[in-house]
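Peer 1: So here's coords01.cif, just mmCIF, C-alpha atoms, pLDDT in the B column; chains and numbers go by the auth columns:
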```
data_start
#
loop_
_atom_site.group_PDB
_atom_site.id
_atom_site.type_symbol
_atom_site.label_atom_id
_atom_site.label_comp_id
_atom_site.label_asym_id
_atom_site.label_seq_id
_atom_site.Cartn_x
_atom_site.Cartn_y
_atom_site.Cartn_z
_atom_site.B_iso_or_equiv
_atom_site.auth_seq_id
_atom_site.auth_asym_id
ATOM 1 C CA MET A 1 -3.950 14.703 10.478 74.00 1 A
ATOM 2 C CA LEU A 2 -0.214 14.250 10.439 80.00 2 A
ATOM 3 C CA VAL A 3 -0.685 10.654 11.589 84.00 3 A
ATOM 4 C CA ALA A 4 -2.930 9.882 8.600 82.00 4 A
ATOM 5 C CA LEU A 5 -0.482 11.576 6.248 83.00 5 A
ATOM 6 C CA GLY A 6 2.388 9.623 7.803 87.00 6 A
ATOM 7 C CA ILE A 7 0.569 6.298 7.449 87.00 7 A
ATOM 8 C CA ALA A 8 -0.328 6.996 3.814 86.00 8 A
ATOM 9 C CA SER A 9 3.261 8.057 3.110 88.00 9 A
ATOM 10 C CA ALA A 10 4.617 4.908 4.762 91.00 10 A
ATOM 11 C CA ASN A 11 2.291 2.768 2.634 89.00 11 A
ATOM 12 C CA ALA A 12 3.427 4.550 -0.524 90.00 12 A
ATOM 13 C CA ALA A 13 7.077 4.146 0.491 92.00 13 A
ATOM 14 C CA LEU A 14 6.479 0.425 1.110 91.00 14 A
ATOM 15 C CA ALA A 15 4.952 0.012 -2.343 91.00 15 A
ATOM 16 C CA ALA A 16 7.669 2.016 -4.118 92.00 16 A
ATOM 17 C CA GLY A 17 10.471 0.359 -2.179 93.00 17 A
ATOM 18 C CA THR A 18 9.116 -3.126 -2.817 91.00 18 A
ATOM 19 C CA PHE A 19 8.750 -2.454 -6.522 91.00 19 A
ATOM 20 C CA ALA A 20 12.212 -0.904 -6.874 92.00 20 A
ATOM 21 C CA TYR A 21 13.923 -3.570 -4.761 92.00 21 A
ATOM 22 C CA TYR A 22 12.521 -6.504 -6.681 89.00 22 A
ATOM 23 C CA GLU A 23 12.922 -4.867 -10.099 89.00 23 A
ATOM 24 C CA LEU A 24 16.651 -4.355 -9.479 91.00 24 A
ATOM 25 C CA ARG A 25 17.162 -7.948 -8.318 86.00 25 A
ATOM 26 C CA PRO A 26 17.257 -10.939 -10.647 82.00 26 A
ATOM 27 C CA HIS A 27 13.948 -12.769 -10.849 79.00 27 A
ATOM 28 C CA SER A 28 13.632 -15.973 -8.892 78.00 28 A
ATOM 29 C CA PHE A 29 10.647 -17.315 -10.918 84.00 29 A
ATOM 30 C CA LEU A 30 8.685 -18.439 -7.888 87.00 30 A
ATOM 31 C CA PRO A 31 4.936 -19.057 -7.926 89.00 31 A
ATOM 32 C CA PRO A 32 2.903 -16.075 -6.647 86.00 32 A
ATOM 33 C CA TRP A 33 2.177 -17.641 -3.245 88.00 33 A
ATOM 34 C CA GLN A 34 5.938 -17.924 -2.574 90.00 34 A
ATOM 35 C CA ASP A 35 7.181 -14.759 -4.303 88.00 35 A
ATOM 36 C CA PRO A 36 8.173 -12.166 -1.679 89.00 36 A
ATOM 37 C CA GLU A 37 7.379 -9.272 -4.053 89.00 37 A
ATOM 38 C CA VAL A 38 3.767 -10.369 -4.455 90.00 38 A
ATOM 39 C CA LEU A 39 3.425 -11.051 -0.738 91.00 39 A
ATOM 40 C CA ASN A 40 4.828 -7.625 0.181 91.00 40 A
ATOM 41 C CA LEU A 41 2.482 -5.893 -2.257 91.00 41 A
ATOM 42 C CA ALA A 42 -0.433 -7.942 -0.909 92.00 42 A
ATOM 43 C CA LEU A 43 0.354 -6.467 2.501 92.00 43 A
ATOM 44 C CA LEU A 44 -0.944 -3.146 1.141 91.00 44 A
ATOM 45 C CA PHE A 45 -4.442 -4.662 1.125 93.00 45 A
ATOM 46 C CA LEU A 46 -4.211 -4.738 4.924 92.00 46 A
ATOM 47 C CA THR A 47 -2.352 -1.478 5.561 91.00 47 A
ATOM 48 C CA ALA A 48 -4.021 0.909 3.079 91.00 48 A
ATOM 49 C CA PRO A 49 -7.395 0.865 4.882 92.00 49 A
ATOM 50 C CA ILE A 50 -5.645 1.914 8.090 91.00 50 A
ATOM 51 C CA GLY A 51 -4.555 5.173 6.457 88.00 51 A
ATOM 52 C CA MET A 52 -8.039 5.659 5.045 90.00 52 A
ATOM 53 C CA ILE A 53 -9.717 5.119 8.413 92.00 53 A
ATOM 54 C CA VAL A 54 -7.314 7.453 10.206 90.00 54 A
ATOM 55 C CA GLY A 55 -7.953 10.057 7.482 88.00 55 A
ATOM 56 C CA ILE A 56 -11.711 9.807 8.001 91.00 56 A
ATOM 57 C CA VAL A 57 -11.260 10.167 11.763 91.00 57 A
ATOM 58 C CA ALA A 58 -9.102 13.246 11.162 89.00 58 A
ATOM 59 C CA ALA A 59 -11.796 14.710 8.911 90.00 59 A
ATOM 60 C CA LEU A 60 -14.386 14.190 11.625 92.00 60 A
ATOM 61 C CA ARG A 61 -12.114 15.970 14.095 91.00 61 A
ATOM 62 C CA GLY A 62 -11.847 19.056 11.878 90.00 62 A
ATOM 63 C CA ALA A 63 -8.830 18.507 9.628 88.00 63 A
ATOM 64 C CA PRO A 64 -8.765 20.409 6.318 90.00 64 A
ATOM 65 C CA LYS A 65 -10.915 18.613 3.761 90.00 65 A
ATOM 66 C CA TRP A 66 -8.382 19.085 0.948 91.00 66 A
ATOM 67 C CA LEU A 67 -5.691 17.337 2.985 88.00 67 A
ATOM 68 C CA VAL A 68 -8.010 14.475 3.887 89.00 68 A
ATOM 69 C CA GLY A 69 -8.903 14.192 0.198 91.00 69 A
ATOM 70 C CA ILE A 70 -5.247 13.857 -0.760 88.00 70 A
ATOM 71 C CA VAL A 71 -4.718 11.107 1.819 87.00 71 A
ATOM 72 C CA GLU A 72 -7.812 9.218 0.673 90.00 72 A
ATOM 73 C CA ILE A 73 -6.976 9.562 -3.036 91.00 73 A
ATOM 74 C CA ALA A 74 -3.417 8.353 -2.388 88.00 74 A
ATOM 75 C CA SER A 75 -4.651 5.327 -0.431 91.00 75 A
ATOM 76 C CA VAL A 76 -7.128 4.040 -3.028 93.00 76 A
ATOM 77 C CA PRO A 77 -4.535 2.927 -5.651 92.00 77 A
ATOM 78 C CA LEU A 78 -2.507 1.245 -2.909 92.00 78 A
ATOM 79 C CA LEU A 79 -5.606 -0.628 -1.796 93.00 79 A
ATOM 80 C CA ILE A 80 -6.280 -1.737 -5.376 94.00 80 A
ATOM 81 C CA VAL A 81 -2.687 -2.908 -5.874 93.00 81 A
ATOM 82 C CA GLY A 82 -2.879 -4.803 -2.596 93.00 82 A
ATOM 83 C CA PHE A 83 -6.152 -6.413 -3.602 95.00 83 A
ATOM 84 C CA LEU A 84 -4.819 -7.505 -6.988 94.00 84 A
ATOM 85 C CA ALA A 85 -1.642 -8.897 -5.434 92.00 85 A
ATOM 86 C CA SER A 86 -3.594 -10.781 -2.795 93.00 86 A
ATOM 87 C CA ALA A 87 -5.915 -12.154 -5.484 93.00 87 A
ATOM 88 C CA ALA A 88 -2.836 -13.527 -7.263 89.00 88 A
ATOM 89 C CA VAL A 89 -1.907 -15.493 -4.168 84.00 89 A
#
```
Show me this structure written as structure tokens.
Peer 2:
Amino acid sequence: MLVALGIASANAALAAGTFAYYELRPHSFLPPWQDPEVLNLALLFLTAPIGMIVGIVAALRGAPKWLVGIVEIASVPLLIVGFLASAAV
């Protein structure tokens, strides 16, 4: 279960770090398919399901349901942000 929690935490850190990094930098006014902020956030569309799948596997192996629920609930907004960013590209 610690692996699933670590993956979900890494995804959340990627999202928060990307947002903070590009908000503190001056804007470059690039189109979405060239903007590194949008491309980094679109990466969440690929990495968030990994945390969700590992969480489901941990639940099947007997991990506490409340902890699996936290991991799954934390991964859903990251998946949505990744989907919206990838749709912008």
Peer 1: Could you tell me, as a ChimeraX atom specification, exactly which residues end up selected when the PyMOL selection byres ((chain A and resi 6-16) around 10) is applied to this structure?
Peer 2: /A:1-5,17-21,37,40-44,47-52,54-55,70-75,77-79,81-82
Peer 1: Taking 5 positions as the minimum chain separation for residues in the same chain, which residues sit within 7 Å of A:Pro32 when counting all atoms listed in the file? Answer as a PyMOL selection string.
Peer 2: chain A and resi 38+88-89
Peer 1: Keeping only C-alpha atoms, write those residues as an mmCIF file, in the frame of the given file.
Peer 2:
```cif
data_model
loop_
_atom_site.group_PDB
_atom_site.id
_atom_site.type_symbol
_atom_site.label_atom_id
_atom_site.label_comp_id
_atom_site.auth_asym_id
_atom_site.auth_seq_id
_atom_site.Cartn_x
_atom_site.Cartn_y
_atom_site.Cartn_z
ATOM 1 C CA VAL A 38 3.767 -10.369 -4.455
ATOM 2 C CA ALA A 88 -2.836 -13.527 -7.263
ATOM 3 C CA VAL A 89 -1.907 -15.493 -4.168
#
```
Peer 1: Mind giving me the straight-line distance from atom CA of A:Ile53 to atom CA of A:Ser86 in Å, one decimal?
Peer 2: 20.4 Å
Peer 1: From the list A:Arg61, A:Leu84, A:His27, A:Trp66, which residue is nearest A:Phe45 when using only C-alpha atoms?
Peer 2: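 Looking only at the distances to A:Phe45, the closest residue turns out to be A:Leu84.
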Peer 1: Could you put an axis-aligned box around every listed atom of stretch 23-40 of chain A, padded by 4 Å on each side, and send me its centre and edge lengths in Å to one decimal, as AutoDock Vina command-line options?
Peer 2:
```
--center_x 9.7 --center_y -11.7 --center_z -5.4 --size_x 23.1 --size_y 22.7 --size_z 19.1
```
Peer 1: What's the separation between atom CA of A:Ala85 and atom CA of A:Val57, in Å to one decimal place?
Peer 2: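 Separating atom CA of A:Ala85 from atom CA of A:Val57 is a distance of 27.4 Å.
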